[in-house]
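J.: File input-v1.csv follows (CSV, N, CA and C atoms):
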chain,number,residue,atom,x,y,z
A,1,MET,N,-32.1,54.1,-36.6
A,1,MET,CA,-31.6,53.8,-35.3
A,1,MET,C,-31.9,52.4,-34.9
A,2,ASP,N,-31.0,51.7,-34.3
A,2,ASP,CA,-31.2,50.3,-34.0
A,2,ASP,C,-32.2,50.1,-32.9
A,3,ASP,N,-33.1,49.1,-33.0
A,3,ASP,CA,-34.2,48.8,-32.0
A,3,ASP,C,-33.6,48.5,-30.7
A,4,LYS,N,-32.4,47.9,-30.6
A,4,LYS,CA,-31.8,47.5,-29.3
A,4,LYS,C,-31.5,48.7,-28.5
A,5,GLN,N,-31.3,49.9,-29.1
A,5,GLN,CA,-31.0,51.1,-28.3
A,5,GLN,C,-32.2,51.9,-28.0
A,6,LEU,N,-33.4,51.5,-28.2
A,6,LEU,CA,-34.6,52.2,-27.8
A,6,LEU,C,-35.3,51.4,-26.8
A,7,LEU,N,-36.0,52.1,-25.9
A,7,LEU,CA,-36.8,51.5,-24.8
A,7,LEU,C,-38.2,51.6,-25.2
A,8,ASN,N,-38.9,50.5,-25.4
A,8,ASN,CA,-40.3,50.5,-25.7
A,8,ASN,C,-41.1,50.7,-24.4
A,9,VAL,N,-41.8,51.8,-24.3
A,9,VAL,CA,-42.6,52.1,-23.1
A,9,VAL,C,-44.1,52.0,-23.3
A,10,SER,N,-44.5,51.5,-24.4
A,10,SER,CA,-46.0,51.5,-24.6
A,10,SER,C,-46.5,50.1,-24.3
A,11,ASP,N,-47.5,50.0,-23.4
A,11,ASP,CA,-48.2,48.8,-23.1
A,11,ASP,C,-49.2,48.4,-24.2
A,12,ASP,N,-49.9,49.4,-24.6
A,12,ASP,CA,-50.9,49.2,-25.7
A,12,ASP,C,-50.4,49.6,-27.0
A,13,GLU,N,-50.2,48.7,-27.9
A,13,GLU,CA,-49.6,49.1,-29.2
A,13,GLU,C,-50.6,49.2,-30.3
A,14,SER,N,-51.9,49.4,-29.9
A,14,SER,CA,-53.0,49.4,-30.9
A,14,SER,C,-52.8,50.6,-31.8
A,15,LEU,N,-52.3,51.7,-31.3
A,15,LEU,CA,-52.0,52.9,-32.1
A,15,LEU,C,-50.6,53.1,-32.6
A,16,GLY,N,-49.7,52.2,-32.1
A,16,GLY,CA,-48.3,52.3,-32.5
A,16,GLY,C,-47.5,52.1,-31.3
A,17,ARG,N,-46.1,52.2,-31.5
A,17,ARG,CA,-45.2,52.0,-30.4
A,17,ARG,C,-44.7,53.4,-29.9
A,18,VAL,N,-44.4,53.4,-28.6
A,18,VAL,CA,-43.7,54.6,-28.0
A,18,VAL,C,-42.4,54.1,-27.6
A,19,GLU,N,-41.3,54.8,-28.1
A,19,GLU,CA,-40.0,54.4,-27.8
A,19,GLU,C,-39.2,55.6,-27.3
A,20,ILE,N,-38.3,55.4,-26.3
A,20,ILE,CA,-37.5,56.4,-25.8
A,20,ILE,C,-36.0,56.1,-26.0
A,21,ALA,N,-35.2,57.0,-26.5
A,21,ALA,CA,-33.8,56.8,-26.7
A,21,ALA,C,-33.1,57.0,-25.4
A,22,PRO,N,-32.0,56.3,-25.2
A,22,PRO,CA,-31.2,56.4,-24.0
A,22,PRO,C,-30.7,57.9,-23.8
A,23,GLU,N,-30.5,58.6,-24.9
A,23,GLU,CA,-30.0,60.0,-24.8
A,23,GLU,C,-31.1,60.8,-24.1
A,24,VAL,N,-32.3,60.5,-24.3
A,24,VAL,CA,-33.4,61.3,-23.7
A,24,VAL,C,-33.4,61.1,-22.1
A,25,ILE,N,-33.1,59.8,-21.7
A,25,ILE,CA,-33.0,59.5,-20.3
A,25,ILE,C,-31.8,60.3,-19.7
A,26,GLU,N,-30.7,60.4,-20.5
A,26,GLU,CA,-29.5,61.1,-20.0
A,26,GLU,C,-29.9,62.6,-19.8
A,27,VAL,N,-30.6,63.2,-20.7
A,27,VAL,CA,-30.9,64.6,-20.6
A,27,VAL,C,-31.9,64.8,-19.4
A,28,ILE,N,-32.9,64.0,-19.2
A,28,ILE,CA,-33.8,64.1,-18.1
A,28,ILE,C,-33.1,64.0,-16.8
A,29,ALA,N,-32.2,63.0,-16.7
A,29,ALA,CA,-31.4,62.7,-15.5
A,29,ALA,C,-30.5,63.9,-15.2
A,30,GLY,N,-29.8,64.4,-16.2
A,30,GLY,CA,-28.9,65.5,-16.0
A,30,GLY,C,-29.6,66.8,-15.5
A,31,ILE,N,-30.7,67.1,-16.1
A,31,ILE,CA,-31.5,68.3,-15.6
A,31,ILE,C,-32.0,68.0,-14.2
A,32,ALA,N,-32.5,66.8,-13.9
A,32,ALA,CA,-33.0,66.5,-12.5
A,32,ALA,C,-31.8,66.6,-11.5
A,33,ALA,N,-30.6,66.2,-11.9
A,33,ALA,CA,-29.5,66.3,-11.0
A,33,ALA,C,-29.1,67.7,-10.7
A,34,ASN,N,-29.1,68.5,-11.8
A,34,ASN,CA,-28.7,69.9,-11.7
A,34,ASN,C,-29.7,70.7,-10.9
A,35,ASP,N,-30.9,70.3,-10.8
A,35,ASP,CA,-32.0,71.0,-10.0
A,35,ASP,C,-31.8,70.8,-8.5
A,36,VAL,N,-30.9,69.9,-8.1
A,36,VAL,CA,-30.8,69.7,-6.6
A,36,VAL,C,-29.8,70.7,-6.1
A,37,SER,N,-30.2,71.3,-4.9
A,37,SER,CA,-29.4,72.3,-4.3
A,37,SER,C,-28.1,71.7,-3.7
A,38,GLY,N,-27.0,72.3,-4.0
A,38,GLY,CA,-25.7,71.7,-3.6
A,38,GLY,C,-24.9,71.2,-4.8
A,39,VAL,N,-25.5,71.0,-5.9
A,39,VAL,CA,-24.8,70.5,-7.1
A,39,VAL,C,-24.2,71.7,-7.8
A,40,ALA,N,-22.9,71.8,-7.9
A,40,ALA,CA,-22.2,72.9,-8.6
A,40,ALA,C,-22.3,72.7,-10.1
A,41,ASN,N,-22.0,71.6,-10.6
A,41,ASN,CA,-22.1,71.3,-12.0
A,41,ASN,C,-21.9,69.8,-12.2
A,42,MET,N,-22.0,69.4,-13.5
A,42,MET,CA,-21.9,68.0,-13.8
A,42,MET,C,-20.5,67.9,-14.6
A,43,ARG,N,-19.9,66.7,-14.4
A,43,ARG,CA,-18.6,66.5,-15.1
A,43,ARG,C,-18.8,66.0,-16.5
A,44,GLY,N,-18.1,66.7,-17.4
A,44,GLY,CA,-18.2,66.2,-18.8
A,44,GLY,C,-16.8,65.9,-19.3
A,45,ASN,N,-16.8,65.6,-20.6
A,45,ASN,CA,-15.5,65.4,-21.2
A,45,ASN,C,-15.0,66.7,-21.9
A,46,ILE,N,-13.8,66.7,-22.5
A,46,ILE,CA,-13.3,67.9,-23.1
A,46,ILE,C,-14.2,68.4,-24.2
A,47,ALA,N,-14.7,67.5,-25.0
A,47,ALA,CA,-15.6,67.9,-26.1
A,47,ALA,C,-16.8,68.7,-25.6
A,48,SER,N,-17.5,68.2,-24.5
A,48,SER,CA,-18.7,68.8,-24.0
A,48,SER,C,-18.3,70.2,-23.4
A,49,ASN,N,-17.1,70.2,-22.7
A,49,ASN,CA,-16.7,71.5,-22.1
A,49,ASN,C,-16.4,72.6,-23.2
A,50,VAL,N,-15.8,72.2,-24.3
A,50,VAL,CA,-15.5,73.1,-25.4
A,50,VAL,C,-16.8,73.6,-26.1
A,51,SER,N,-17.8,72.6,-26.3
A,51,SER,CA,-19.0,73.0,-26.9
A,51,SER,C,-19.8,73.9,-26.0
A,52,GLU,N,-19.8,73.8,-24.7
A,52,GLU,CA,-20.5,74.7,-23.8
A,52,GLU,C,-19.9,76.1,-23.9
A,53,LYS,N,-18.6,76.2,-24.0
A,53,LYS,CA,-17.9,77.5,-24.2
A,53,LYS,C,-18.3,78.2,-25.5
A,54,LEU,N,-18.7,77.4,-26.5
A,54,LEU,CA,-19.2,77.9,-27.7
A,54,LEU,C,-20.7,78.2,-27.7
A,55,GLY,N,-21.3,78.0,-26.6
A,55,GLY,CA,-22.7,78.4,-26.5
A,55,GLY,C,-23.7,77.2,-26.6
A,56,LYS,N,-23.2,76.0,-26.8
A,56,LYS,CA,-24.1,74.9,-26.9
A,56,LYS,C,-24.2,74.1,-25.5
A,57,LYS,N,-25.4,74.2,-24.9
A,57,LYS,CA,-25.5,73.5,-23.6
A,57,LYS,C,-25.9,72.1,-23.8
A,58,ARG,N,-25.1,71.2,-23.1
A,58,ARG,CA,-25.4,69.8,-23.2
A,58,ARG,C,-25.9,69.3,-21.8
A,59,HIS,N,-27.2,69.0,-21.8
A,59,HIS,CA,-27.9,68.7,-20.5
A,59,HIS,C,-27.6,67.3,-20.1
A,60,GLY,N,-27.1,66.4,-20.9
A,60,GLY,CA,-26.8,65.0,-20.6
A,60,GLY,C,-25.4,64.9,-20.1
A,61,LYS,N,-24.7,66.0,-19.9
A,61,LYS,CA,-23.3,65.9,-19.5
A,61,LYS,C,-23.2,65.3,-18.1
A,62,GLY,N,-22.2,64.4,-17.9
A,62,GLY,CA,-22.0,63.8,-16.6
A,62,GLY,C,-23.0,62.7,-16.3
A,63,VAL,N,-23.7,62.2,-17.3
A,63,VAL,CA,-24.7,61.1,-17.1
A,63,VAL,C,-24.3,60.0,-18.0
A,64,LYS,N,-24.3,58.8,-17.5
A,64,LYS,CA,-24.1,57.5,-18.3
A,64,LYS,C,-25.3,56.6,-18.0
A,65,VAL,N,-25.9,56.2,-19.1
A,65,VAL,CA,-27.1,55.3,-19.0
A,65,VAL,C,-26.7,53.9,-19.6
A,66,GLU,N,-27.0,52.9,-18.9
A,66,GLU,CA,-26.7,51.5,-19.4
A,66,GLU,C,-28.1,50.8,-19.4
A,67,LEU,N,-28.4,50.2,-20.5
A,67,LEU,CA,-29.6,49.4,-20.6
A,67,LEU,C,-29.2,47.9,-20.4
A,68,LYS,N,-29.7,47.3,-19.3
A,68,LYS,CA,-29.4,45.9,-19.0
A,68,LYS,C,-30.6,45.1,-19.0
A,69,ASN,N,-30.5,43.8,-19.1
A,69,ASN,CA,-31.7,42.9,-19.1
A,69,ASN,C,-32.5,43.1,-17.8
A,70,GLU,N,-31.9,43.4,-16.7
A,70,GLU,CA,-32.6,43.5,-15.4
A,70,GLU,C,-33.2,44.9,-15.3
A,71,GLY,N,-32.8,45.9,-16.0
A,71,GLY,CA,-33.3,47.2,-16.0
A,71,GLY,C,-32.3,48.3,-16.4
A,72,ILE,N,-32.6,49.5,-16.0
A,72,ILE,CA,-31.8,50.7,-16.4
A,72,ILE,C,-30.9,51.1,-15.3
A,73,LYS,N,-29.6,51.2,-15.6
A,73,LYS,CA,-28.6,51.6,-14.6
A,73,LYS,C,-28.1,53.0,-15.1
A,74,ILE,N,-28.1,54.0,-14.1
A,74,ILE,CA,-27.6,55.3,-14.4
A,74,ILE,C,-26.5,55.7,-13.5
A,75,ASP,N,-25.4,56.3,-14.1
A,75,ASP,CA,-24.3,56.8,-13.3
A,75,ASP,C,-24.2,58.3,-13.5
A,76,ILE,N,-24.1,59.0,-12.4
A,76,ILE,CA,-24.1,60.5,-12.4
A,76,ILE,C,-22.7,60.9,-11.9
A,77,PHE,N,-22.0,61.7,-12.6
A,77,PHE,CA,-20.7,62.2,-12.3
A,77,PHE,C,-20.9,63.7,-12.0
A,78,THR,N,-20.7,64.1,-10.7
A,78,THR,CA,-21.1,65.5,-10.4
A,78,THR,C,-20.0,66.2,-9.5
A,79,VAL,N,-20.0,67.5,-9.5
A,79,VAL,CA,-19.2,68.3,-8.7
A,79,VAL,C,-20.1,69.0,-7.7
A,80,LEU,N,-19.9,68.9,-6.4
A,80,LEU,CA,-20.8,69.5,-5.4
A,80,LEU,C,-20.2,70.8,-4.8
A,81,ASP,N,-21.0,71.6,-4.2
A,81,ASP,CA,-20.6,72.8,-3.6
A,81,ASP,C,-19.9,72.5,-2.3
A,82,TYR,N,-18.9,73.3,-1.9
A,82,TYR,CA,-18.2,73.1,-0.6
A,82,TYR,C,-19.1,73.4,0.5
A,83,GLY,N,-19.0,72.6,1.6
A,83,GLY,CA,-19.7,72.9,2.8
A,83,GLY,C,-21.1,72.2,2.9
A,84,ILE,N,-21.5,71.4,2.0
A,84,ILE,CA,-22.7,70.7,2.0
A,84,ILE,C,-22.5,69.2,2.5
A,85,SER,N,-23.6,68.6,2.9
A,85,SER,CA,-23.5,67.2,3.3
A,85,SER,C,-23.5,66.3,2.1
A,86,VAL,N,-22.4,65.6,1.7
A,86,VAL,CA,-22.3,64.9,0.5
A,86,VAL,C,-23.4,63.7,0.5
A,87,PRO,N,-23.5,62.9,1.6
A,87,PRO,CA,-24.5,61.9,1.5
A,87,PRO,C,-26.0,62.4,1.3
A,88,THR,N,-26.3,63.5,2.0
A,88,THR,CA,-27.6,64.1,1.9
A,88,THR,C,-27.9,64.6,0.4
A,89,VAL,N,-26.9,65.3,-0.2
A,89,VAL,CA,-27.1,65.8,-1.5
A,89,VAL,C,-27.2,64.6,-2.5
A,90,ALA,N,-26.3,63.6,-2.3
A,90,ALA,CA,-26.3,62.4,-3.2
A,90,ALA,C,-27.7,61.7,-3.1
A,91,GLN,N,-28.3,61.6,-1.9
A,91,GLN,CA,-29.6,61.0,-1.8
A,91,GLN,C,-30.7,61.8,-2.5
A,92,LYS,N,-30.6,63.1,-2.4
A,92,LYS,CA,-31.5,64.0,-3.0
A,92,LYS,C,-31.4,63.9,-4.6
A,93,ILE,N,-30.2,63.7,-5.1
A,93,ILE,CA,-30.0,63.5,-6.5
A,93,ILE,C,-30.6,62.3,-7.0
A,94,GLN,N,-30.4,61.2,-6.2
A,94,GLN,CA,-31.0,59.9,-6.6
A,94,GLN,C,-32.6,60.0,-6.5
A,95,ASP,N,-33.1,60.6,-5.5
A,95,ASP,CA,-34.6,60.7,-5.4
A,95,ASP,C,-35.2,61.5,-6.5
A,96,ASN,N,-34.5,62.7,-6.8
A,96,ASN,CA,-35.0,63.6,-7.8
A,96,ASN,C,-35.0,62.9,-9.2
A,97,ILE,N,-33.9,62.2,-9.5
A,97,ILE,CA,-33.8,61.6,-10.8
A,97,ILE,C,-34.9,60.5,-10.9
A,98,ARG,N,-35.0,59.6,-9.9
A,98,ARG,CA,-36.0,58.5,-9.9
A,98,ARG,C,-37.4,59.1,-10.1
A,99,THR,N,-37.8,60.1,-9.3
A,99,THR,CA,-39.1,60.7,-9.4
A,99,THR,C,-39.4,61.3,-10.7
A,100,THR,N,-38.4,62.1,-11.2
A,100,THR,CA,-38.6,62.8,-12.5
A,100,THR,C,-38.7,61.8,-13.7
A,101,LEU,N,-37.9,60.8,-13.7
A,101,LEU,CA,-38.0,59.8,-14.7
A,101,LEU,C,-39.3,59.0,-14.7
A,102,ARG,N,-39.7,58.7,-13.5
A,102,ARG,CA,-41.0,57.9,-13.3
A,102,ARG,C,-42.1,58.8,-13.8
A,103,ASN,N,-42.1,60.1,-13.5
A,103,ASN,CA,-43.2,61.0,-13.9
A,103,ASN,C,-43.2,61.2,-15.4
A,104,MET,N,-42.0,61.4,-16.0
A,104,MET,CA,-41.9,61.8,-17.4
A,104,MET,C,-42.0,60.6,-18.4
A,105,THR,N,-41.5,59.4,-17.9
A,105,THR,CA,-41.3,58.3,-18.8
A,105,THR,C,-42.0,57.0,-18.4
A,106,ALA,N,-42.5,56.9,-17.1
A,106,ALA,CA,-43.1,55.7,-16.5
A,106,ALA,C,-42.1,54.6,-16.4
A,107,LEU,N,-40.8,54.9,-16.5
A,107,LEU,CA,-39.8,53.9,-16.4
A,107,LEU,C,-39.3,53.7,-14.9
A,108,GLU,N,-39.1,52.5,-14.5
A,108,GLU,CA,-38.5,52.2,-13.2
A,108,GLU,C,-37.0,52.0,-13.4
A,109,ILE,N,-36.2,52.6,-12.6
A,109,ILE,CA,-34.8,52.5,-12.7
A,109,ILE,C,-34.2,51.5,-11.7
A,110,LEU,N,-33.3,50.6,-12.2
A,110,LEU,CA,-32.7,49.6,-11.4
A,110,LEU,C,-31.8,50.2,-10.3
A,111,GLU,N,-30.9,51.1,-10.8
A,111,GLU,CA,-30.0,51.8,-9.8
A,111,GLU,C,-29.5,53.1,-10.4
A,112,ILE,N,-29.3,54.0,-9.4
A,112,ILE,CA,-28.7,55.3,-9.7
A,112,ILE,C,-27.5,55.5,-8.9
A,113,ASN,N,-26.3,55.5,-9.5
A,113,ASN,CA,-25.1,55.7,-8.8
A,113,ASN,C,-24.6,57.1,-8.9
A,114,VAL,N,-24.3,57.7,-7.8
A,114,VAL,CA,-23.8,59.1,-7.8
A,114,VAL,C,-22.3,59.1,-7.5
A,115,HIS,N,-21.5,59.6,-8.4
A,115,HIS,CA,-20.0,59.7,-8.3
A,115,HIS,C,-19.7,61.2,-8.0
A,116,VAL,N,-19.2,61.5,-6.9
A,116,VAL,CA,-18.8,62.9,-6.6
A,116,VAL,C,-17.4,63.0,-7.0
A,117,VAL,N,-17.1,63.7,-8.1
A,117,VAL,CA,-15.8,63.8,-8.7
A,117,VAL,C,-15.0,65.1,-8.3
A,118,GLY,N,-15.7,66.0,-7.5
A,118,GLY,CA,-15.0,67.2,-7.1
A,118,GLY,C,-15.9,68.0,-6.2
A,119,ILE,N,-15.2,69.0,-5.6
A,119,ILE,CA,-15.9,70.0,-4.8
A,119,ILE,C,-15.6,71.4,-5.3
A,120,GLN,N,-16.6,72.2,-5.5
A,120,GLN,CA,-16.4,73.5,-6.0
A,120,GLN,C,-16.3,74.5,-4.8
A,121,ILE,N,-15.1,75.1,-4.7
A,121,ILE,CA,-14.9,76.1,-3.6
A,121,ILE,C,-14.9,77.5,-4.3
A,122,GLU,N,-15.8,78.3,-3.7
A,122,GLU,CA,-16.0,79.7,-4.2
A,122,GLU,C,-14.8,80.5,-3.9
A,123,ASP,N,-14.3,81.3,-4.9
A,123,ASP,CA,-13.2,82.1,-4.7
A,123,ASP,C,-13.6,83.4,-3.9
A,124,LYS,N,-12.8,83.7,-2.9
A,124,LYS,CA,-13.2,84.8,-2.0
A,124,LYS,C,-13.2,86.2,-2.8
A,125,SER,N,-12.4,86.3,-3.8
A,125,SER,CA,-12.4,87.5,-4.6
A,125,SER,C,-13.7,87.7,-5.4
A,126,GLU,N,-14.3,86.6,-5.8
A,126,GLU,CA,-15.5,86.6,-6.6
A,126,GLU,C,-16.7,87.0,-5.6
A,127,GLU,N,-16.6,86.6,-4.4
A,127,GLU,CA,-17.7,86.9,-3.4
A,127,GLU,C,-17.8,88.4,-3.1
A,128,LYS,N,-16.6,89.0,-3.1
A,128,LYS,CA,-16.5,90.5,-2.8
A,128,LYS,C,-17.1,91.3,-3.9
A,129,ALA,N,-16.9,90.8,-5.2
A,129,ALA,CA,-17.3,91.6,-6.4
A,129,ALA,C,-18.8,91.7,-6.5
Could you spell out this file's structure in C-alpha cells?
T.:
Amino acid sequence: MDDKQLLNVSDDESLGRVEIAPEVIEVIAGIAANDVSGVANMRGNIASNVSEKLGKKRHGKGVKVELKNEGIKIDIFTVLDYGISVPTVAQKIQDNIRTTLRNMTALEILEINVHVVGIQIEDKSEEKA
C-alpha cells in the first residue's frame, strides 16, 4: 500500500509507526453516523447495495474521505427519517463523527459535510403489520 494513502498517527516512533488507512476512517465515520437517531440509512452505490443484499454489510457506505494538506475532509451522504429536524440531526451526525474519530484515532478533522440525499417515509401498511 502506498505511504501517501496512510495517515501516520504516532508521535513516538521508537517502537515503530502507527498508520491508519482512509478506509478505516470511512468505516468509523459510517458507524458513528448510523448511530445517530433520525438516520434511516446511508447512501451507497449500486455495487454496495447489491453486496448488502447478498449479506455483506459495508459500514463505510455513504462516506467519502479526502486527505488534504490542511487536514481530513469527510463527506457523509445520508437518508433521514421523515418528521425529524434536518439541521439538528445533521449537527448530531457531525458531533458524533468528530467525537468518535477523536476517541478512536486521536485525529482532528478539518470538516465534516453532511449531504441529506433523501427522506425515508414509513409505509402505513408496514406500520399496521
J.: So what do you get for atom N of Val39 in chain A versus atom C of Val79 in chain A, distance-wise?
T.: 6.0 Å
J.: List as a PDB file with N, CA and C atoms, in the frame of the given file the residues having at least one atom at most 8 Å from position (-38.7, 59.1, -18.5) as given in the file, counting all atoms listed in the file.
T.:
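The resulting file, part_31.pdb, is shown below:
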ATOM      1  N   ILE A  20     -38.300  55.400 -26.300  1.00  0.00           N
ATOM      2  CA  ILE A  20     -37.500  56.400 -25.800  1.00  0.00           C
ATOM      3  C   ILE A  20     -36.000  56.100 -26.000  1.00  0.00           C
ATOM      4  N   VAL A  24     -32.300  60.500 -24.300  1.00  0.00           N
ATOM      5  CA  VAL A  24     -33.400  61.300 -23.700  1.00  0.00           C
ATOM      6  C   VAL A  24     -33.400  61.100 -22.100  1.00  0.00           C
ATOM      7  N   ILE A  25     -33.100  59.800 -21.700  1.00  0.00           N
ATOM      8  CA  ILE A  25     -33.000  59.500 -20.300  1.00  0.00           C
ATOM      9  C   ILE A  25     -31.800  60.300 -19.700  1.00  0.00           C
ATOM     10  N   ILE A  28     -32.900  64.000 -19.200  1.00  0.00           N
ATOM     11  CA  ILE A  28     -33.800  64.100 -18.100  1.00  0.00           C
ATOM     12  C   ILE A  28     -33.100  64.000 -16.800  1.00  0.00           C
ATOM     13  N   ALA A  29     -32.200  63.000 -16.700  1.00  0.00           N
ATOM     14  CA  ALA A  29     -31.400  62.700 -15.500  1.00  0.00           C
ATOM     15  C   ALA A  29     -30.500  63.900 -15.200  1.00  0.00           C
ATOM     16  N   THR A 100     -38.400  62.100 -11.200  1.00  0.00           N
ATOM     17  CA  THR A 100     -38.600  62.800 -12.500  1.00  0.00           C
ATOM     18  C   THR A 100     -38.700  61.800 -13.700  1.00  0.00           C
ATOM     19  N   LEU A 101     -37.900  60.800 -13.700  1.00  0.00           N
ATOM     20  CA  LEU A 101     -38.000  59.800 -14.700  1.00  0.00           C
ATOM     21  C   LEU A 101     -39.300  59.000 -14.700  1.00  0.00           C
ATOM     22  N   ARG A 102     -39.700  58.700 -13.500  1.00  0.00           N
ATOM     23  CA  ARG A 102     -41.000  57.900 -13.300  1.00  0.00           C
ATOM     24  C   ARG A 102     -42.100  58.800 -13.800  1.00  0.00           C
ATOM     25  N   ASN A 103     -42.100  60.100 -13.500  1.00  0.00           N
ATOM     26  CA  ASN A 103     -43.200  61.000 -13.900  1.00  0.00           C
ATOM     27  C   ASN A 103     -43.200  61.200 -15.400  1.00  0.00           C
ATOM     28  N   MET A 104     -42.000  61.400 -16.000  1.00  0.00           N
ATOM     29  CA  MET A 104     -41.900  61.800 -17.400  1.00  0.00           C
ATOM     30  C   MET A 104     -42.000  60.600 -18.400  1.00  0.00           C
ATOM     31  N   THR A 105     -41.500  59.400 -17.900  1.00  0.00           N
ATOM     32  CA  THR A 105     -41.300  58.300 -18.800  1.00  0.00           C
ATOM     33  C   THR A 105     -42.000  57.000 -18.400  1.00  0.00           C
ATOM     34  N   ALA A 106     -42.500  56.900 -17.100  1.00  0.00           N
ATOM     35  CA  ALA A 106     -43.100  55.700 -16.500  1.00  0.00           C
ATOM     36  C   ALA A 106     -42.100  54.600 -16.400  1.00  0.00           C
ATOM     37  N   LEU A 107     -40.800  54.900 -16.500  1.00  0.00           N
ATOM     38  CA  LEU A 107     -39.800  53.900 -16.400  1.00  0.00           C
ATOM     39  C   LEU A 107     -39.300  53.700 -14.900  1.00  0.00           C
ATOM     40  N   GLU A 108     -39.100  52.500 -14.500  1.00  0.00           N
ATOM     41  CA  GLU A 108     -38.500  52.200 -13.200  1.00  0.00           C
ATOM     42  C   GLU A 108     -37.000  52.000 -13.400  1.00  0.00           C
TER      43      GLU A 108
END
J.: Which value, in Å to one decimal, gives the distance between atom N of Arg43 in chain A and atom N of Gly30 in chain A?
T.: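 These atoms are spaced 10.3 Å apart.
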J.: Have a look at A:Gly38, A:Pro22, A:Gly118, A:Gly16 and name the one nearest to Thr78 in chain A; count only C-alpha atoms.
T.: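 Among A:Gly38, A:Pro22, A:Gly118, A:Gly16, it is A:Gly118 that comes nearest to Thr78 in chain A.
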J.: Identify, on the basis of only C-alpha atoms, every residue whose closest approach to Asn41 in chain A does not exceed 12 Å; exclude the query and any residue fewer than 2 positions from it along the same chain; express the result as a PyMOL selection string.
T.: chain A and resi 30-39+43-44+49+58-63+76-81+116-120
J.: Can those selected residues be exported to a file as a CSV table (one decimal), in the coordinates of the input so that it contains N, CA and C atoms?
T.:
chain,number,residue,atom,x,y,z
A,30,GLY,N,-29.8,64.4,-16.2
A,30,GLY,CA,-28.9,65.5,-16.0
A,30,GLY,C,-29.6,66.8,-15.5
A,31,ILE,N,-30.7,67.1,-16.1
A,31,ILE,CA,-31.5,68.3,-15.6
A,31,ILE,C,-32.0,68.0,-14.2
A,32,ALA,N,-32.5,66.8,-13.9
A,32,ALA,CA,-33.0,66.5,-12.5
A,32,ALA,C,-31.8,66.6,-11.5
A,33,ALA,N,-30.6,66.2,-11.9
A,33,ALA,CA,-29.5,66.3,-11.0
A,33,ALA,C,-29.1,67.7,-10.7
A,34,ASN,N,-29.1,68.5,-11.8
A,34,ASN,CA,-28.7,69.9,-11.7
A,34,ASN,C,-29.7,70.7,-10.9
A,35,ASP,N,-30.9,70.3,-10.8
A,35,ASP,CA,-32.0,71.0,-10.0
A,35,ASP,C,-31.8,70.8,-8.5
A,36,VAL,N,-30.9,69.9,-8.1
A,36,VAL,CA,-30.8,69.7,-6.6
A,36,VAL,C,-29.8,70.7,-6.1
A,37,SER,N,-30.2,71.3,-4.9
A,37,SER,CA,-29.4,72.3,-4.3
A,37,SER,C,-28.1,71.7,-3.7
A,38,GLY,N,-27.0,72.3,-4.0
A,38,GLY,CA,-25.7,71.7,-3.6
A,38,GLY,C,-24.9,71.2,-4.8
A,39,VAL,N,-25.5,71.0,-5.9
A,39,VAL,CA,-24.8,70.5,-7.1
A,39,VAL,C,-24.2,71.7,-7.8
A,43,ARG,N,-19.9,66.7,-14.4
A,43,ARG,CA,-18.6,66.5,-15.1
A,43,ARG,C,-18.8,66.0,-16.5
A,44,GLY,N,-18.1,66.7,-17.4
A,44,GLY,CA,-18.2,66.2,-18.8
A,44,GLY,C,-16.8,65.9,-19.3
A,49,ASN,N,-17.1,70.2,-22.7
A,49,ASN,CA,-16.7,71.5,-22.1
A,49,ASN,C,-16.4,72.6,-23.2
A,58,ARG,N,-25.1,71.2,-23.1
A,58,ARG,CA,-25.4,69.8,-23.2
A,58,ARG,C,-25.9,69.3,-21.8
A,59,HIS,N,-27.2,69.0,-21.8
A,59,HIS,CA,-27.9,68.7,-20.5
A,59,HIS,C,-27.6,67.3,-20.1
A,60,GLY,N,-27.1,66.4,-20.9
A,60,GLY,CA,-26.8,65.0,-20.6
A,60,GLY,C,-25.4,64.9,-20.1
A,61,LYS,N,-24.7,66.0,-19.9
A,61,LYS,CA,-23.3,65.9,-19.5
A,61,LYS,C,-23.2,65.3,-18.1
A,62,GLY,N,-22.2,64.4,-17.9
A,62,GLY,CA,-22.0,63.8,-16.6
A,62,GLY,C,-23.0,62.7,-16.3
A,63,VAL,N,-23.7,62.2,-17.3
A,63,VAL,CA,-24.7,61.1,-17.1
A,63,VAL,C,-24.3,60.0,-18.0
A,76,ILE,N,-24.1,59.0,-12.4
A,76,ILE,CA,-24.1,60.5,-12.4
A,76,ILE,C,-22.7,60.9,-11.9
A,77,PHE,N,-22.0,61.7,-12.6
A,77,PHE,CA,-20.7,62.2,-12.3
A,77,PHE,C,-20.9,63.7,-12.0
A,78,THR,N,-20.7,64.1,-10.7
A,78,THR,CA,-21.1,65.5,-10.4
A,78,THR,C,-20.0,66.2,-9.5
A,79,VAL,N,-20.0,67.5,-9.5
A,79,VAL,CA,-19.2,68.3,-8.7
A,79,VAL,C,-20.1,69.0,-7.7
A,80,LEU,N,-19.9,68.9,-6.4
A,80,LEU,CA,-20.8,69.5,-5.4
A,80,LEU,C,-20.2,70.8,-4.8
A,81,ASP,N,-21.0,71.6,-4.2
A,81,ASP,CA,-20.6,72.8,-3.6
A,81,ASP,C,-19.9,72.5,-2.3
A,116,VAL,N,-19.2,61.5,-6.9
A,116,VAL,CA,-18.8,62.9,-6.6
A,116,VAL,C,-17.4,63.0,-7.0
A,117,VAL,N,-17.1,63.7,-8.1
A,117,VAL,CA,-15.8,63.8,-8.7
A,117,VAL,C,-15.0,65.1,-8.3
A,118,GLY,N,-15.7,66.0,-7.5
A,118,GLY,CA,-15.0,67.2,-7.1
A,118,GLY,C,-15.9,68.0,-6.2
A,119,ILE,N,-15.2,69.0,-5.6
A,119,ILE,CA,-15.9,70.0,-4.8
A,119,ILE,C,-15.6,71.4,-5.3
A,120,GLN,N,-16.6,72.2,-5.5
A,120,GLN,CA,-16.4,73.5,-6.0
A,120,GLN,C,-16.3,74.5,-4.8
J.: What does the distance from CA of Glu26 in chain A to CA of Lys64 in chain A come to in Å, to one decimal?
T.: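 It comes out at 6.7 Å.
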